[in-house]
file structure33.cif (mmCIF, C-alpha atoms)
data_entry
#
loop_
_atom_site.group_PDB
_atom_site.id
_atom_site.type_symbol
_atom_site.label_atom_id
_atom_site.label_comp_id
_atom_site.auth_asym_id
_atom_site.auth_seq_id
_atom_site.Cartn_x
_atom_site.Cartn_y
_atom_site.Cartn_z
ATOM 1 C CA MET A 13 109.449 137.836 135.777
ATOM 2 C CA ASP A 14 110.994 140.098 133.164
ATOM 3 C CA HIS A 15 108.200 142.525 132.271
ATOM 4 C CA GLY A 16 109.843 143.085 128.895
ATOM 5 C CA THR A 17 109.257 139.459 127.895
ATOM 6 C CA ILE A 18 106.182 138.654 125.837
ATOM 7 C CA VAL A 19 104.614 135.350 126.900
ATOM 8 C CA ARG A 20 102.690 133.634 124.083
ATOM 9 C CA LEU A 21 99.913 131.495 125.489
ATOM 10 C CA PRO A 22 98.657 128.489 123.506
ATOM 11 C CA PRO A 23 95.312 129.022 121.765
ATOM 12 C CA SER A 24 92.188 127.918 123.593
ATOM 13 C CA ALA A 25 90.685 124.496 122.884
ATOM 14 C CA LEU A 26 87.568 126.233 121.560
ATOM 15 C CA ARG A 27 89.637 128.150 119.010
ATOM 16 C CA VAL A 28 91.409 124.985 117.819
ATOM 17 C CA HIS A 29 88.159 123.031 117.490
ATOM 18 C CA ALA A 30 86.477 125.941 115.720
ATOM 19 C CA SER A 31 89.367 126.023 113.236
ATOM 20 C CA LEU A 32 89.090 122.277 112.562
ATOM 21 C CA LEU A 33 85.334 122.607 112.118
ATOM 22 C CA LEU A 34 85.880 125.443 109.633
ATOM 23 C CA VAL A 35 88.359 123.338 107.627
ATOM 24 C CA SER A 36 85.910 120.439 107.417
ATOM 25 C CA ALA A 37 83.081 122.773 106.407
ATOM 26 C CA LEU A 38 85.226 124.297 103.641
ATOM 27 C CA PHE A 39 86.195 120.836 102.383
ATOM 28 C CA GLY A 40 82.591 119.612 102.591
ATOM 29 C CA ALA A 41 81.316 122.512 100.499
ATOM 30 C CA ASN A 42 84.065 121.880 97.970
ATOM 31 C CA TYR A 43 82.477 118.574 96.925
ATOM 32 C CA VAL A 44 79.344 120.429 95.857
ATOM 33 C CA PHE A 45 81.136 123.355 94.197
ATOM 34 C CA THR A 46 83.513 121.054 92.313
ATOM 35 C CA LYS A 47 80.542 119.040 91.069
ATOM 36 C CA LEU A 48 79.014 122.288 89.775
ATOM 37 C CA VAL A 49 82.273 123.257 88.049
ATOM 38 C CA LEU A 50 82.378 119.864 86.314
ATOM 39 C CA HIS A 51 78.986 120.545 84.744
ATOM 40 C CA ASP A 52 80.681 123.057 82.424
ATOM 41 C CA VAL A 53 84.425 122.309 82.598
ATOM 42 C CA SER A 54 86.132 119.002 81.761
ATOM 43 C CA ALA A 55 87.838 117.122 84.574
ATOM 44 C CA SER A 56 91.264 117.418 82.934
ATOM 45 C CA SER A 57 91.027 121.200 82.549
ATOM 46 C CA TRP A 58 89.711 121.753 86.061
ATOM 47 C CA VAL A 59 92.524 119.719 87.648
ATOM 48 C CA LEU A 60 95.188 121.791 85.898
ATOM 49 C CA PHE A 61 93.434 125.077 86.731
ATOM 50 C CA ARG A 62 93.157 124.223 90.436
ATOM 51 C CA ILE A 63 96.754 123.040 90.810
ATOM 52 C CA ALA A 64 98.322 125.810 88.709
ATOM 53 C CA VAL A 65 96.481 128.675 90.418
ATOM 54 C CA ALA A 66 97.262 127.197 93.853
ATOM 55 C CA ALA A 67 100.944 127.048 92.848
ATOM 56 C CA ILE A 68 100.818 130.726 91.863
ATOM 57 C CA VAL A 69 99.518 131.531 95.361
ATOM 58 C CA PHE A 70 101.899 129.233 97.280
ATOM 59 C CA VAL A 71 105.153 130.359 95.601
ATOM 60 C CA PRO A 72 105.163 133.954 96.931
ATOM 61 C CA LEU A 73 104.062 132.646 100.359
ATOM 62 C CA ALA A 74 107.047 130.266 100.350
ATOM 63 C CA LEU A 75 109.410 133.059 99.337
ATOM 64 C CA ARG A 76 108.061 135.206 102.162
ATOM 65 C CA PHE A 77 107.807 132.668 105.000
ATOM 66 C CA GLY A 78 110.071 129.775 103.946
ATOM 67 C CA LYS A 79 113.352 129.425 105.826
ATOM 68 C CA THR A 80 115.304 126.409 104.547
ATOM 69 C CA ARG A 81 115.718 124.923 101.098
ATOM 70 C CA PRO A 82 115.479 121.124 100.654
ATOM 71 C CA THR A 83 118.520 119.110 99.561
ATOM 72 C CA LYS A 84 118.594 117.492 96.115
ATOM 73 C CA ARG A 85 117.693 114.147 97.695
ATOM 74 C CA LEU A 86 114.690 115.647 99.452
ATOM 75 C CA VAL A 87 113.573 117.321 96.222
ATOM 76 C CA LEU A 88 113.351 113.874 94.608
ATOM 77 C CA TRP A 89 111.180 112.661 97.490
ATOM 78 C CA LEU A 90 109.033 115.790 97.150
ATOM 79 C CA LEU A 91 108.508 115.008 93.461
ATOM 80 C CA LEU A 92 107.175 111.577 94.427
ATOM 81 C CA ALA A 93 105.014 113.192 97.117
ATOM 82 C CA ALA A 94 103.669 115.629 94.519
ATOM 83 C CA LEU A 95 102.789 112.749 92.193
ATOM 84 C CA LEU A 96 100.909 110.877 94.932
ATOM 85 C CA GLY A 97 99.386 113.710 96.929
ATOM 86 C CA VAL A 98 98.626 116.310 94.280
ATOM 87 C CA VAL A 99 98.668 114.896 90.731
ATOM 88 C CA LEU A 100 97.084 111.445 91.174
ATOM 89 C CA ASN A 101 95.067 112.662 94.138
ATOM 90 C CA GLN A 102 93.450 115.509 92.213
ATOM 91 C CA ILE A 103 93.023 113.621 88.936
ATOM 92 C CA LEU A 104 91.362 110.608 90.577
ATOM 93 C CA PHE A 105 89.282 112.808 92.899
ATOM 94 C CA THR A 106 87.981 114.921 90.034
ATOM 95 C CA ILE A 107 87.304 111.988 87.715
ATOM 96 C CA GLY A 108 85.560 110.204 90.568
ATOM 97 C CA LEU A 109 83.382 113.177 91.465
ATOM 98 C CA SER A 110 82.414 113.654 87.817
ATOM 99 C CA HIS A 111 80.816 110.162 87.898
ATOM 100 C CA THR A 112 79.456 109.948 91.451
ATOM 101 C CA THR A 113 77.677 112.186 93.966
ATOM 102 C CA PRO A 114 79.276 114.621 96.441
ATOM 103 C CA ALA A 115 77.817 112.538 99.310
ATOM 104 C CA HIS A 116 79.445 109.299 98.096
ATOM 105 C CA SER A 117 82.737 111.050 97.404
ATOM 106 C CA ALA A 118 82.805 112.698 100.843
ATOM 107 C CA VAL A 119 82.124 109.444 102.731
ATOM 108 C CA ILE A 120 84.714 107.459 100.762
ATOM 109 C CA ASN A 121 87.332 110.164 101.314
ATOM 110 C CA ALA A 122 86.496 110.181 105.021
ATOM 111 C CA CYS A 123 88.208 106.762 105.101
ATOM 112 C CA ILE A 124 91.609 108.279 104.208
ATOM 113 C CA PRO A 125 92.843 107.983 107.838
ATOM 114 C CA THR A 126 91.798 104.313 107.769
ATOM 115 C CA TRP A 127 93.677 103.600 104.527
ATOM 116 C CA THR A 128 96.661 105.470 105.984
ATOM 117 C CA LEU A 129 96.587 103.285 109.096
ATOM 118 C CA LEU A 130 96.296 100.073 107.067
ATOM 119 C CA LEU A 131 99.137 100.985 104.713
ATOM 120 C CA SER A 132 101.305 102.198 107.604
ATOM 121 C CA VAL A 133 100.978 98.797 109.256
ATOM 122 C CA CYS A 134 101.767 97.018 105.963
ATOM 123 C CA LEU A 135 104.851 99.214 105.420
ATOM 124 C CA GLY A 136 106.088 98.790 108.982
ATOM 125 C CA GLN A 137 105.518 102.373 110.161
ATOM 126 C CA GLU A 138 102.931 101.313 112.734
ATOM 127 C CA ARG A 139 102.507 98.165 114.813
ATOM 128 C CA PHE A 140 99.781 95.608 114.263
ATOM 129 C CA SER A 141 97.063 95.425 116.945
ATOM 130 C CA VAL A 142 93.567 93.986 117.314
ATOM 131 C CA GLY A 143 92.132 97.462 117.880
ATOM 132 C CA LYS A 144 93.590 98.787 114.651
ATOM 133 C CA VAL A 145 92.291 95.799 112.677
ATOM 134 C CA LEU A 146 88.826 96.294 114.181
ATOM 135 C CA ALA A 147 88.877 99.978 113.177
ATOM 136 C CA VAL A 148 89.740 99.081 109.575
ATOM 137 C CA VAL A 149 87.082 96.332 109.399
ATOM 138 C CA VAL A 150 84.329 98.611 110.726
ATOM 139 C CA ALA A 151 85.182 101.354 108.223
ATOM 140 C CA LEU A 152 85.373 98.858 105.353
ATOM 141 C CA LEU A 153 81.933 97.479 106.239
ATOM 142 C CA GLY A 154 80.516 100.986 105.948
ATOM 143 C CA ILE A 155 82.132 101.650 102.591
ATOM 144 C CA GLY A 156 81.076 98.193 101.404
ATOM 145 C CA THR A 157 77.485 99.079 102.267
ATOM 146 C CA LEU A 158 77.769 102.352 100.354
ATOM 147 C CA LEU A 159 79.145 100.503 97.305
ATOM 148 C CA HIS A 160 76.340 97.903 97.420
ATOM 149 C CA ALA A 161 78.738 95.057 98.231
ATOM 150 C CA ASP A 162 75.820 93.052 99.626
ATOM 151 C CA GLU A 163 74.033 93.242 96.257
ATOM 152 C CA MET A 164 77.209 92.259 94.458
ATOM 153 C CA VAL A 165 77.367 89.095 96.568
ATOM 154 C CA THR A 166 73.693 88.192 96.030
ATOM 155 C CA GLY A 167 73.714 89.130 92.347
ATOM 156 C CA GLY A 168 71.119 91.888 92.700
ATOM 157 C CA LEU A 169 73.375 94.876 92.066
ATOM 158 C CA HIS A 170 71.475 97.984 90.913
ATOM 159 C CA LEU A 171 74.333 100.491 91.163
ATOM 160 C CA SER A 172 74.965 102.122 87.806
ATOM 161 C CA PRO A 173 78.331 101.395 86.143
ATOM 162 C CA GLU A 174 78.996 105.154 86.023
ATOM 163 C CA GLN A 175 78.552 105.607 89.768
ATOM 164 C CA LEU A 176 80.591 102.489 90.523
ATOM 165 C CA THR A 177 83.398 103.898 88.347
ATOM 166 C CA GLY A 178 83.211 107.197 90.219
ATOM 167 C CA ASP A 179 83.247 105.536 93.635
ATOM 168 C CA LEU A 180 86.218 103.319 92.753
ATOM 169 C CA ALA A 181 88.168 106.295 91.344
ATOM 170 C CA THR A 182 87.435 108.177 94.567
ATOM 171 C CA TRP A 183 88.671 105.190 96.593
ATOM 172 C CA ALA A 184 91.895 105.121 94.510
ATOM 173 C CA ASN A 185 92.289 108.848 95.188
ATOM 174 C CA GLY A 186 92.116 108.124 98.920
ATOM 175 C CA VAL A 187 94.746 105.387 98.707
ATOM 176 C CA SER A 188 97.050 107.656 96.707
ATOM 177 C CA PHE A 189 96.710 110.436 99.269
ATOM 178 C CA SER A 190 97.308 107.965 102.114
ATOM 179 C CA LEU A 191 100.627 106.963 100.529
ATOM 180 C CA HIS A 192 101.431 110.665 100.242
ATOM 181 C CA LEU A 193 100.766 111.142 103.968
ATOM 182 C CA ILE A 194 102.976 108.165 104.861
ATOM 183 C CA LEU A 195 105.790 109.553 102.724
ATOM 184 C CA MET A 196 105.430 113.068 104.155
ATOM 185 C CA ARG A 197 105.404 111.632 107.680
ATOM 186 C CA ARG A 198 108.860 110.242 106.934
ATOM 187 C CA ILE A 199 110.404 113.286 105.265
ATOM 188 C CA GLY A 200 108.225 116.003 106.829
ATOM 189 C CA PRO A 201 110.539 116.881 109.738
ATOM 190 C CA LYS A 202 113.402 117.439 107.280
ATOM 191 C CA VAL A 203 111.666 119.977 105.027
ATOM 192 C CA ASP A 204 110.255 123.470 105.458
ATOM 193 C CA PRO A 205 106.445 123.232 105.074
ATOM 194 C CA TRP A 206 106.183 126.434 103.013
ATOM 195 C CA ILE A 207 109.001 125.529 100.627
ATOM 196 C CA SER A 208 107.952 121.884 100.295
ATOM 197 C CA THR A 209 104.348 122.834 99.476
ATOM 198 C CA ALA A 210 105.449 125.299 96.805
ATOM 199 C CA VAL A 211 107.844 122.732 95.289
ATOM 200 C CA MET A 212 105.127 120.057 95.195
ATOM 201 C CA PHE A 213 102.519 122.306 93.579
ATOM 202 C CA CYS A 214 104.988 123.620 90.983
ATOM 203 C CA ALA A 215 106.054 120.061 90.116
ATOM 204 C CA ALA A 216 102.408 118.971 90.034
ATOM 205 C CA THR A 217 101.579 121.770 87.606
ATOM 206 C CA VAL A 218 104.213 120.498 85.167
ATOM 207 C CA LEU A 219 103.207 116.842 85.568
ATOM 208 C CA THR A 220 99.474 117.552 85.276
ATOM 209 C CA SER A 221 100.011 119.666 82.150
ATOM 210 C CA ALA A 222 101.188 116.564 80.293
ATOM 211 C CA TRP A 223 97.764 114.989 80.920
ATOM 212 C CA SER A 224 95.511 118.052 80.803
ATOM 213 C CA LEU A 225 96.791 120.267 77.983
ATOM 214 C CA PRO A 226 96.140 117.808 75.094
ATOM 215 C CA GLN A 227 92.506 117.545 76.255
ATOM 216 C CA MET A 228 91.900 121.217 77.018
ATOM 217 C CA THR A 229 89.430 123.102 74.825
ATOM 218 C CA THR A 230 88.562 126.739 74.279
ATOM 219 C CA ALA A 231 85.131 126.033 75.730
ATOM 220 C CA ASP A 232 86.748 124.936 79.008
ATOM 221 C CA LEU A 233 88.770 128.141 79.227
ATOM 222 C CA GLN A 234 85.724 130.274 78.541
ATOM 223 C CA ALA A 235 83.575 128.406 81.047
ATOM 224 C CA VAL A 236 86.052 128.564 83.919
ATOM 225 C CA VAL A 237 86.228 132.396 83.734
ATOM 226 C CA THR A 238 82.478 132.880 83.292
ATOM 227 C CA PRO A 239 80.137 133.448 86.280
ATOM 228 C CA PRO A 240 78.948 131.562 88.210
ATOM 229 C CA VAL A 241 81.518 128.839 87.355
ATOM 230 C CA VAL A 242 84.438 131.187 88.044
ATOM 231 C CA TRP A 243 83.169 131.756 91.617
ATOM 232 C CA TYR A 244 82.915 128.010 92.244
ATOM 233 C CA ALA A 245 86.400 127.575 90.763
ATOM 234 C CA LEU A 246 87.948 130.318 92.887
ATOM 235 C CA TYR A 247 86.351 128.769 95.956
ATOM 236 C CA GLY A 248 88.026 125.450 95.109
ATOM 237 C CA VAL A 249 91.435 127.094 94.816
ATOM 238 C CA LEU A 250 91.457 129.827 97.465
ATOM 239 C CA PHE A 251 89.229 128.369 100.177
ATOM 240 C CA ALA A 252 89.353 124.571 99.661
ATOM 241 C CA THR A 253 93.087 124.460 98.835
ATOM 242 C CA VAL A 254 95.099 127.442 100.095
ATOM 243 C CA LEU A 255 93.083 128.502 103.154
ATOM 244 C CA THR A 256 92.424 124.944 104.372
ATOM 245 C CA TYR A 257 96.137 124.130 104.145
ATOM 246 C CA LEU A 258 97.078 127.195 106.181
ATOM 247 C CA ILE A 259 94.482 126.512 108.881
ATOM 248 C CA ASN A 260 95.333 122.807 109.062
ATOM 249 C CA THR A 261 99.039 123.582 109.416
ATOM 250 C CA TRP A 262 98.286 125.919 112.325
ATOM 251 C CA ALA A 263 95.849 123.475 114.003
ATOM 252 C CA LEU A 264 98.274 120.541 113.800
ATOM 253 C CA GLN A 265 100.727 122.566 115.892
ATOM 254 C CA HIS A 266 98.219 122.657 118.750
ATOM 255 C CA THR A 267 96.434 119.289 118.689
ATOM 256 C CA ARG A 268 96.869 115.631 117.746
ATOM 257 C CA SER A 269 96.539 114.399 114.183
ATOM 258 C CA SER A 270 93.926 111.893 115.386
ATOM 259 C CA GLN A 271 91.810 114.818 116.575
ATOM 260 C CA VAL A 272 92.047 116.351 113.114
ATOM 261 C CA ALA A 273 91.020 113.056 111.526
ATOM 262 C CA LEU A 274 87.771 112.876 113.507
ATOM 263 C CA TYR A 275 86.552 116.130 111.965
ATOM 264 C CA ILE A 276 86.590 114.509 108.518
ATOM 265 C CA ASN A 277 83.136 113.159 109.352
ATOM 266 C CA VAL A 278 81.749 116.689 109.175
ATOM 267 C CA GLN A 279 82.517 116.857 105.446
ATOM 268 C CA PRO A 280 79.824 114.396 104.251
ATOM 269 C CA LEU A 281 77.223 116.185 106.372
ATOM 270 C CA ILE A 282 78.083 119.532 104.762
ATOM 271 C CA ALA A 283 78.083 117.985 101.275
ATOM 272 C CA VAL A 284 74.695 116.368 101.829
ATOM 273 C CA GLY A 285 73.209 119.440 103.498
ATOM 274 C CA MET A 286 74.163 121.695 100.577
ATOM 275 C CA GLY A 287 73.045 119.245 97.885
ATOM 276 C CA PRO A 288 69.324 120.107 97.777
ATOM 277 C CA PHE A 289 70.112 123.801 97.286
ATOM 278 C CA PHE A 290 71.899 122.924 94.033
ATOM 279 C CA ASP A 291 69.470 120.237 92.761
ATOM 280 C CA LEU A 292 71.822 117.370 93.618
ATOM 281 C CA PRO A 293 70.381 113.929 94.494
ATOM 282 C CA ALA A 294 69.655 113.145 98.149
ATOM 283 C CA PRO A 295 71.453 110.139 99.687
ATOM 284 C CA ASP A 296 69.652 106.950 100.722
ATOM 285 C CA TRP A 297 69.900 104.859 103.915
ATOM 286 C CA ARG A 298 73.248 103.433 102.814
ATOM 287 C CA PHE A 299 74.828 106.856 103.243
ATOM 288 C CA GLY A 300 73.798 106.963 106.903
ATOM 289 C CA VAL A 301 75.155 103.468 107.576
ATOM 290 C CA ALA A 302 78.437 104.276 105.840
ATOM 291 C CA LEU A 303 78.848 107.595 107.670
ATOM 292 C CA ALA A 304 78.202 105.965 111.059
ATOM 293 C CA SER A 305 80.635 103.128 110.297
ATOM 294 C CA VAL A 306 83.395 105.473 109.173
ATOM 295 C CA ALA A 307 82.890 107.631 112.280
ATOM 296 C CA LEU A 308 83.050 104.575 114.558
ATOM 297 C CA GLY A 309 86.123 103.322 112.697
ATOM 298 C CA LEU A 310 87.921 106.631 113.264
ATOM 299 C CA VAL A 311 87.038 106.594 116.973
ATOM 300 C CA LEU A 312 88.329 103.025 117.325
ATOM 301 C CA GLN A 313 91.452 103.959 115.353
ATOM 302 C CA THR A 314 92.137 106.908 117.672
ATOM 303 C CA ARG A 315 91.698 104.732 120.786
ATOM 304 C CA ALA A 316 93.963 102.027 119.301
ATOM 305 C CA ARG A 317 96.755 104.579 118.819
#

call {"tool": "encode", "arguments": {"input": "structure33.cif", "output": "structure tokens"}}
result
Amino acid sequence: MDHGTIVRLPPSALRVHASLLLVSALFGANYVFTKLVLHDVSASSWVLFRIAVAAIVFVPLALRFGKTRPTKRLVLWLLLAALLGVVLNQILFTIGLSHTTPAHSAVINACIPTWTLLLSVCLGQERFSVGKVLAVVVALLGIGTLLHADEMVTGGLHLSPEQLTGDLATWANGVSFSLHLILMRRIGPKVDPWISTAVMFCAATVLTSAWSLPQMTTADLQAVVTPPVVWYALYGVLFATVLTYLINTWALQHTRSSQVALYINVQPLIAVGMGPFFDLPAPDWRFGVALASVALGLVLQTRAR
């Protein structure tokens, strides 16, 4: 062996799993902190603030670490990816969370791998199988329980219209992000991850401005820079957006995407565990059923693949 050669060993399994657990914990806490931000800042203003500040952080990182520029054709695909995965994703997520609880939002978003699987089969990216169908059905039963589908059928629905609106907006956010993942799976190998992320967040800032700026008020601007809201807001940008992306990118180089998906189930537990410390409502039995169903669905989905 050449003693002048540096051999880089792969990271230990413990380090990879610890990183994935950290990402899920950061995302789980973000449901609670975003809910607290929305007490004082409008959804439209918060979406623009989060995307724009993240873009400001990602651009110098792309200039420093990016290697290849995308072609004009790929830029057009990145604009569509930005619309699905950043603009619609963040708008629907924030509107949904402003009308529902962090626990509901976290469980519904935990189904994103399931929606991705279902849409991938419909679009021909993955093959149909009984195992995959079973995984989707199990997850849907859990979400149906959370959304009181049984009471809708029997006519005894007691879910408030506001919470139903929030849950459905959160579901739409998950579908939008699933389409983003399918698109990025197709063009991902052709683009530099640093450059593509910076392009998407810059494009998303422009697109979101068209929706947010007409609704923005001076009160929103004052609130978002006033403690403690500013600390919650900075957490959402620096920890739940920038840091989670960097860790996820590193972890995906050393494990399977299905392994990453399973850690999504940690997010609802973090969101629920933090809730009582911030006077947020505790979940009922439906939350437990939904969480167990989504977890089982993800396990079945991983085995089917």

call {"tool": "atom_distance", "arguments": {"input": "structure33.cif", "atom1": "CA of Ser110 (chain A)", "atom2": "CA of Ala37 (chain A)"}}
result
20.7 Å

call {"tool": "closest_residue", "arguments": {"input": "structure33.cif", "among": "A:Gly40, A:Gly97, A:Pro173, A:Gly78", "to": "Leu195 (chain A)", "atoms": "only C-alpha atoms"}}
result
A:Gly97

call {"tool": "closest_residue", "arguments": {"input": "structure33.cif", "among": "A:Gly285, A:Gly136, A:Gly156, A:Pro293", "to": "Trp183 (chain A)", "atoms": "all atoms listed in the file"}}
result
A:Gly156

call {"tool": "closest_residue", "arguments": {"input": "structure33.cif", "among": "A:Leu146, A:Val65, A:Leu130, A:Ile199", "to": "Trp89 (chain A)", "atoms": "only C-alpha atoms"}}
result
A:Ile199

call {"tool": "closest_residue", "arguments": {"input": "structure33.cif", "among": "A:Ser305, A:Thr80, A:Thr256, A:Asn101", "to": "Val35 (chain A)", "atoms": "only C-alpha atoms"}}
result
A:Thr256

call {"tool": "atom_distance", "arguments": {"input": "structure33.cif", "atom1": "CA of Leu191 (chain A)", "atom2": "CA of Leu100 (chain A)"}}
result
11.0 Å

call {"tool": "resolve_selection", "arguments": {"input": "structure33.cif", "expression": "the PyMOL selection byres ((chain A and resi 58-60) around 10)", "output": "MDAnalysis selection string"}}
result
chainID A and resid 46 49:50 52:57 61:66 98:99 101:107 216:225 228 232:233 236 245 248

call {"tool": "closest_residue", "arguments": {"input": "structure33.cif", "among": "A:Trp243, A:Trp262, A:Phe290, A:Phe213", "to": "Val71 (chain A)", "atoms": "all atoms listed in the file"}}
result
A:Phe213

call {"tool": "residues_around", "arguments": {"input": "structure33.cif", "residues": "region 147-152 of chain A", "least_positions_apart": "6", "cutoff": "10 Å", "atoms": "all atoms listed in the file", "output": "mmCIF file with C-alpha atoms, in the frame of the given file"}}
result
data_model
loop_
_atom_site.group_PDB
_atom_site.id
_atom_site.type_symbol
_atom_site.label_atom_id
_atom_site.label_comp_id
_atom_site.auth_asym_id
_atom_site.auth_seq_id
_atom_site.Cartn_x
_atom_site.Cartn_y
_atom_site.Cartn_z
ATOM 1 C CA ILE A 120 84.714 107.459 100.762
ATOM 2 C CA ALA A 122 86.496 110.181 105.021
ATOM 3 C CA CYS A 123 88.208 106.762 105.101
ATOM 4 C CA PRO A 125 92.843 107.983 107.838
ATOM 5 C CA THR A 126 91.798 104.313 107.769
ATOM 6 C CA TRP A 127 93.677 103.600 104.527
ATOM 7 C CA LEU A 129 96.587 103.285 109.096
ATOM 8 C CA LEU A 130 96.296 100.073 107.067
ATOM 9 C CA LEU A 158 77.769 102.352 100.354
ATOM 10 C CA ALA A 302 78.437 104.276 105.840
ATOM 11 C CA LEU A 303 78.848 107.595 107.670
ATOM 12 C CA ALA A 304 78.202 105.965 111.059
ATOM 13 C CA SER A 305 80.635 103.128 110.297
ATOM 14 C CA VAL A 306 83.395 105.473 109.173
ATOM 15 C CA ALA A 307 82.890 107.631 112.280
ATOM 16 C CA LEU A 308 83.050 104.575 114.558
ATOM 17 C CA GLY A 309 86.123 103.322 112.697
ATOM 18 C CA LEU A 310 87.921 106.631 113.264
ATOM 19 C CA VAL A 311 87.038 106.594 116.973
ATOM 20 C CA LEU A 312 88.329 103.025 117.325
ATOM 21 C CA GLN A 313 91.452 103.959 115.353
ATOM 22 C CA THR A 314 92.137 106.908 117.672
ATOM 23 C CA ARG A 315 91.698 104.732 120.786
ATOM 24 C CA ALA A 316 93.963 102.027 119.301
#

call {"tool": "residues_around", "arguments": {"input": "structure33.cif", "residues": "Ile194 (chain A)", "least_positions_apart": "3", "cutoff": "8 Å", "atoms": "only C-alpha atoms", "output": "ChimeraX atom specification"}}
result
/A:128,132,190-191,197-198

call {"tool": "atom_distance", "arguments": {"input": "structure33.cif", "atom1": "CA of Val237 (chain A)", "atom2": "CA of Lys47 (chain A)"}}
result
16.3 Å

call {"tool": "residues_around", "arguments": {"input": "structure33.cif", "residues": "Thr209 (chain A)", "least_positions_apart": "4", "cutoff": "12 Å", "atoms": "only C-alpha atoms", "output": "PyMOL selection string"}}
result
chain A and resi 63+66-75+77-78+81-82+87+90-91+93-94+97-98+196+200+203-205+213-216+253-254+257-258+261

call {"tool": "resolve_selection", "arguments": {"input": "structure33.cif", "expression": "the PyMOL selection byres ((chain A and resi 299) around 8)", "output": "ChimeraX atom specification"}}
result
/A:115-116,119,158,295-298,300-303

call {"tool": "resolve_selection", "arguments": {"input": "structure33.cif", "expression": "the PyMOL selection byres ((chain A and resi 44) around 8)", "output": "MDAnalysis selection string"}}
result
chainID A and resid 40:43 45:48 114 283 286:287
